[in-house]
Amino acid sequence: MSILKYVLALAALAAVVAEAAVAASGVYGGWTQAVRVESIPGTDPSFNGASLDGCPFVSRDGKTFYMASNRAGGLGGIDIWVSTRASVKDPWGPPTNVGAPVNSAANDFCPTISRDGHLFYFVSNRSGGCGGDDIYTTRLRPDGWDPVENLGCEVNSAANEASPFPLPERAEGPVLYFSSTRSGAGDLFRSISHGAVFGPAEPLAGVNSPTANDGQPNLRRDGLEIFFFSTRPGGLGAQDIYSSTRDSVNEPWSTPVNLGPLVNSSAPDTRPSLSWDGTTLYFGSGRAGGEGDSDHYVTTREALTGSTASTSEEGRR
């Protein structure tokens with residue numbers, strides 16, 4: 001190899017390493033002004049209904065959008081619906097009801113599809129659970145859904161649980177993040193899986209407020225950034241969306257930060273859902289200008305270099 005080729009090769013390698021380092025650190029720009037999803041040209045006009053729409057969750061490939069809604073045509077009070085699109089550059093199509101056994105005559109909401117596109121978590125207050133709103137799981141197969149199963153009373157409680165979010169973490173294995181009112185107020189919790197069974201729930205240290213309700217967590221795919229709603233002092237409205245970061249999955253969380261007036265409003269803003277690449281955040285909001293009691297909104301940010309955690313071990317799982 002000539003000296004010139006050797007130097008060029010070293011330069012190229014240095015650039016790749018530098019880009020990977022920045023990507024793994026999760027460097028992003030600020031959030032843009034949040035807009036109703038239906039304001040995006042081509043989005044089906046029925047995406048937000050005239051009633052309640054919220055609890056969004058977007059699949060890993062960005063082409064499937066799960067939501068909770070009490071629009072007409074469901075099986076119960078609140079049902080889980082799904083909208084799809086051909087690519088991430090296309091608009092969202094009309095939502096359709098996912099049907100039984102996920103939906104029931106009770107309230108079914110907070111849908112979450114795991115990164116494999118098959119394991120599915122949701123919340124329901126159907127009979128036979130541990131308390132009020134419990135976390136359930138099923139599996140999506142080519143011919144439909146498996147029978148649903150309650151996640152058990154180590155995770156669920158006599159109170160209300162919400163927004164399950166599974167995440168593989170190095171040295172821990174599968175971890176389930178969620179929120180619960182078992183402490184009297186809403187707090188964020190996590191449960192670690194041992195032998196495919198989730199263990200006792202434990203409060204998420206460093207994030208919960210002792211004087212407010214915190215709920216509906218959603219994490220970046222490398223586990224280094226968390227989003228949730230909170231009623232803590234200093235917000236813009238009843239419930240605002242906050243975020244917190246950490247340097248590694250073994251490090252403590254930073255002090256949560258309000259996402260600010262471009263995202264939050266004077267109305268309730270809830271259940272943030274981050275895209276796989278970390279650049280798009282969907283959430284529900286009851287702000288003025290919507291079609292129903294609550295609508296879906298979206299905000300974006302720029303990944304300043306590469307895709308977050310594209311080279312980290314957590315990001316590859």
# chains A, B, ... in the order shown; residues from 1 in each chain; ligands from 1
call {"tool": "select_by_dssp", "arguments": {"residues": "segment 45-216 of chain A", "states": "strand (DSSP E)", "output": "NGL selection string"}}
result
:A and (53-58 or 64-69 or 79-84 or 96-97 or 108-113 or 119-124 or 134-141 or 144-145 or 149-150 or 161-169 or 173-180 or 187-194 or 197-198 or 202-203 or 214-216)
call {"tool": "write_last_selection", "arguments": {"atoms": "C-alpha atoms", "output": "PDB file, in the first residue's frame"}}
result
ATOM      1  CA  ASP A  53     -57.250   9.582  20.612  1.00  0.00           C
ATOM      2  CA  GLY A  54     -53.954   9.045  22.409  1.00  0.00           C
ATOM      3  CA  CYS A  55     -51.379   6.571  23.748  1.00  0.00           C
ATOM      4  CA  PRO A  56     -49.418   6.430  20.457  1.00  0.00           C
ATOM      5  CA  PHE A  57     -46.675   3.894  19.781  1.00  0.00           C
ATOM      6  CA  VAL A  58     -44.654   3.556  16.581  1.00  0.00           C
ATOM      7  CA  THR A  64     -47.039   0.960  11.959  1.00  0.00           C
ATOM      8  CA  PHE A  65     -48.742   3.342  14.384  1.00  0.00           C
ATOM      9  CA  TYR A  66     -50.717   1.894  17.320  1.00  0.00           C
ATOM     10  CA  MET A  67     -53.081   4.132  19.270  1.00  0.00           C
ATOM     11  CA  ALA A  68     -55.910   4.085  21.795  1.00  0.00           C
ATOM     12  CA  SER A  69     -59.264   5.565  20.846  1.00  0.00           C
ATOM     13  CA  ASP A  79     -59.924   0.180  22.061  1.00  0.00           C
ATOM     14  CA  ILE A  80     -56.546  -0.208  20.394  1.00  0.00           C
ATOM     15  CA  TRP A  81     -56.381   0.809  16.748  1.00  0.00           C
ATOM     16  CA  VAL A  82     -53.593   0.667  14.166  1.00  0.00           C
ATOM     17  CA  SER A  83     -52.607   2.792  11.188  1.00  0.00           C
ATOM     18  CA  THR A  84     -49.973   1.879   8.590  1.00  0.00           C
ATOM     19  CA  THR A  96     -58.430   0.079  11.913  1.00  0.00           C
ATOM     20  CA  ASN A  97     -59.470  -1.756  15.067  1.00  0.00           C
ATOM     21  CA  ASP A 108     -57.846  -1.450  26.324  1.00  0.00           C
ATOM     22  CA  PHE A 109     -55.056   1.075  25.744  1.00  0.00           C
ATOM     23  CA  CYS A 110     -51.330   1.923  25.989  1.00  0.00           C
ATOM     24  CA  PRO A 111     -50.266  -0.368  23.097  1.00  0.00           C
ATOM     25  CA  THR A 112     -46.577  -1.244  22.724  1.00  0.00           C
ATOM     26  CA  ILE A 113     -45.050  -3.424  20.014  1.00  0.00           C
ATOM     27  CA  LEU A 119     -44.389  -9.364  21.100  1.00  0.00           C
ATOM     28  CA  PHE A 120     -47.132  -6.933  22.082  1.00  0.00           C
ATOM     29  CA  TYR A 121     -47.874  -5.267  25.426  1.00  0.00           C
ATOM     30  CA  PHE A 122     -50.952  -3.282  26.364  1.00  0.00           C
ATOM     31  CA  VAL A 123     -53.036  -2.207  29.351  1.00  0.00           C
ATOM     32  CA  SER A 124     -56.594  -3.260  30.164  1.00  0.00           C
ATOM     33  CA  ASP A 134     -53.140  -4.138  34.361  1.00  0.00           C
ATOM     34  CA  ILE A 135     -50.409  -4.854  31.814  1.00  0.00           C
ATOM     35  CA  TYR A 136     -51.129  -7.729  29.422  1.00  0.00           C
ATOM     36  CA  THR A 137     -49.110  -9.346  26.683  1.00  0.00           C
ATOM     37  CA  THR A 138     -49.745 -11.309  23.492  1.00  0.00           C
ATOM     38  CA  ARG A 139     -47.938 -12.080  20.268  1.00  0.00           C
ATOM     39  CA  LEU A 140     -48.774 -10.970  16.740  1.00  0.00           C
ATOM     40  CA  ARG A 141     -48.511 -13.810  14.226  1.00  0.00           C
ATOM     41  CA  GLY A 144     -53.581 -13.104  14.099  1.00  0.00           C
ATOM     42  CA  TRP A 145     -53.052 -12.644  17.829  1.00  0.00           C
ATOM     43  CA  GLU A 149     -51.941 -13.095  29.244  1.00  0.00           C
ATOM     44  CA  ASN A 150     -51.793 -10.928  32.349  1.00  0.00           C
ATOM     45  CA  GLU A 161     -50.396   0.458  35.614  1.00  0.00           C
ATOM     46  CA  ALA A 162     -49.704   2.152  32.275  1.00  0.00           C
ATOM     47  CA  SER A 163     -47.389   2.402  29.274  1.00  0.00           C
ATOM     48  CA  PRO A 164     -45.264  -0.771  29.300  1.00  0.00           C
ATOM     49  CA  PHE A 165     -41.968  -0.344  27.450  1.00  0.00           C
ATOM     50  CA  PRO A 166     -39.624  -3.367  27.055  1.00  0.00           C
ATOM     51  CA  LEU A 167     -35.903  -2.753  26.595  1.00  0.00           C
ATOM     52  CA  PRO A 168     -32.937  -5.162  26.485  1.00  0.00           C
ATOM     53  CA  GLU A 169     -30.141  -3.856  28.717  1.00  0.00           C
ATOM     54  CA  GLY A 173     -31.415  -8.686  30.329  1.00  0.00           C
ATOM     55  CA  PRO A 174     -34.938  -7.686  29.351  1.00  0.00           C
ATOM     56  CA  VAL A 175     -36.226  -4.757  31.426  1.00  0.00           C
ATOM     57  CA  LEU A 176     -39.819  -3.514  31.413  1.00  0.00           C
ATOM     58  CA  TYR A 177     -40.386   0.168  32.122  1.00  0.00           C
ATOM     59  CA  PHE A 178     -43.882   1.344  33.023  1.00  0.00           C
ATOM     60  CA  SER A 179     -45.791   3.648  35.345  1.00  0.00           C
ATOM     61  CA  SER A 180     -48.039   2.830  38.287  1.00  0.00           C
ATOM     62  CA  ASP A 187     -44.462   7.026  39.490  1.00  0.00           C
ATOM     63  CA  LEU A 188     -42.164   5.352  36.991  1.00  0.00           C
ATOM     64  CA  PHE A 189     -41.094   1.764  37.669  1.00  0.00           C
ATOM     65  CA  ARG A 190     -39.071  -0.998  36.087  1.00  0.00           C
ATOM     66  CA  SER A 191     -39.072  -4.795  36.300  1.00  0.00           C
ATOM     67  CA  ILE A 192     -36.194  -7.086  35.302  1.00  0.00           C
ATOM     68  CA  SER A 193     -36.890 -10.393  33.585  1.00  0.00           C
ATOM     69  CA  HIS A 194     -35.351 -13.536  35.044  1.00  0.00           C
ATOM     70  CA  VAL A 197     -40.539 -13.944  34.009  1.00  0.00           C
ATOM     71  CA  PHE A 198     -40.573 -10.302  35.073  1.00  0.00           C
ATOM     72  CA  GLU A 202     -38.979  -1.212  41.585  1.00  0.00           C
ATOM     73  CA  PRO A 203     -39.238   2.614  41.425  1.00  0.00           C
ATOM     74  CA  ASP A 214     -45.076  10.945  36.681  1.00  0.00           C
ATOM     75  CA  GLY A 215     -46.226   8.497  34.037  1.00  0.00           C
ATOM     76  CA  GLN A 216     -46.071   6.765  30.672  1.00  0.00           C
TER      77      GLN A 216
END
call {"tool": "atom_distance", "arguments": {"atom1": "atom CA of Trp92 of chain A", "atom2": "atom CA of Gly29 of chain A"}}
result
25.1 Å
call {"tool": "residues_around", "arguments": {"residues": "Asn156 of chain A", "least_positions_apart": "2", "cutoff": "8 Å", "atoms": "only C-alpha atoms", "output": "ChimeraX atom specification"}}
result
/A:130-131,134-135,151-154,158-161
call {"tool": "residues_around", "arguments": {"residues": "Ser230 of chain A", "least_positions_apart": "3", "cutoff": "7 Å", "atoms": "only C-alpha atoms", "output": "list in words"}}
result
Ala212, Asn213, Asp214, Gly215, Gln239, Asp240, Ile241 and Tyr242 of chain A
call {"tool": "closest_residue", "arguments": {"among": "A:Thr300, A:Asn125, A:Asn208, A:Thr32", "to": "Gly77 of chain A", "atoms": "only C-alpha atoms"}}
result
A:Asn125
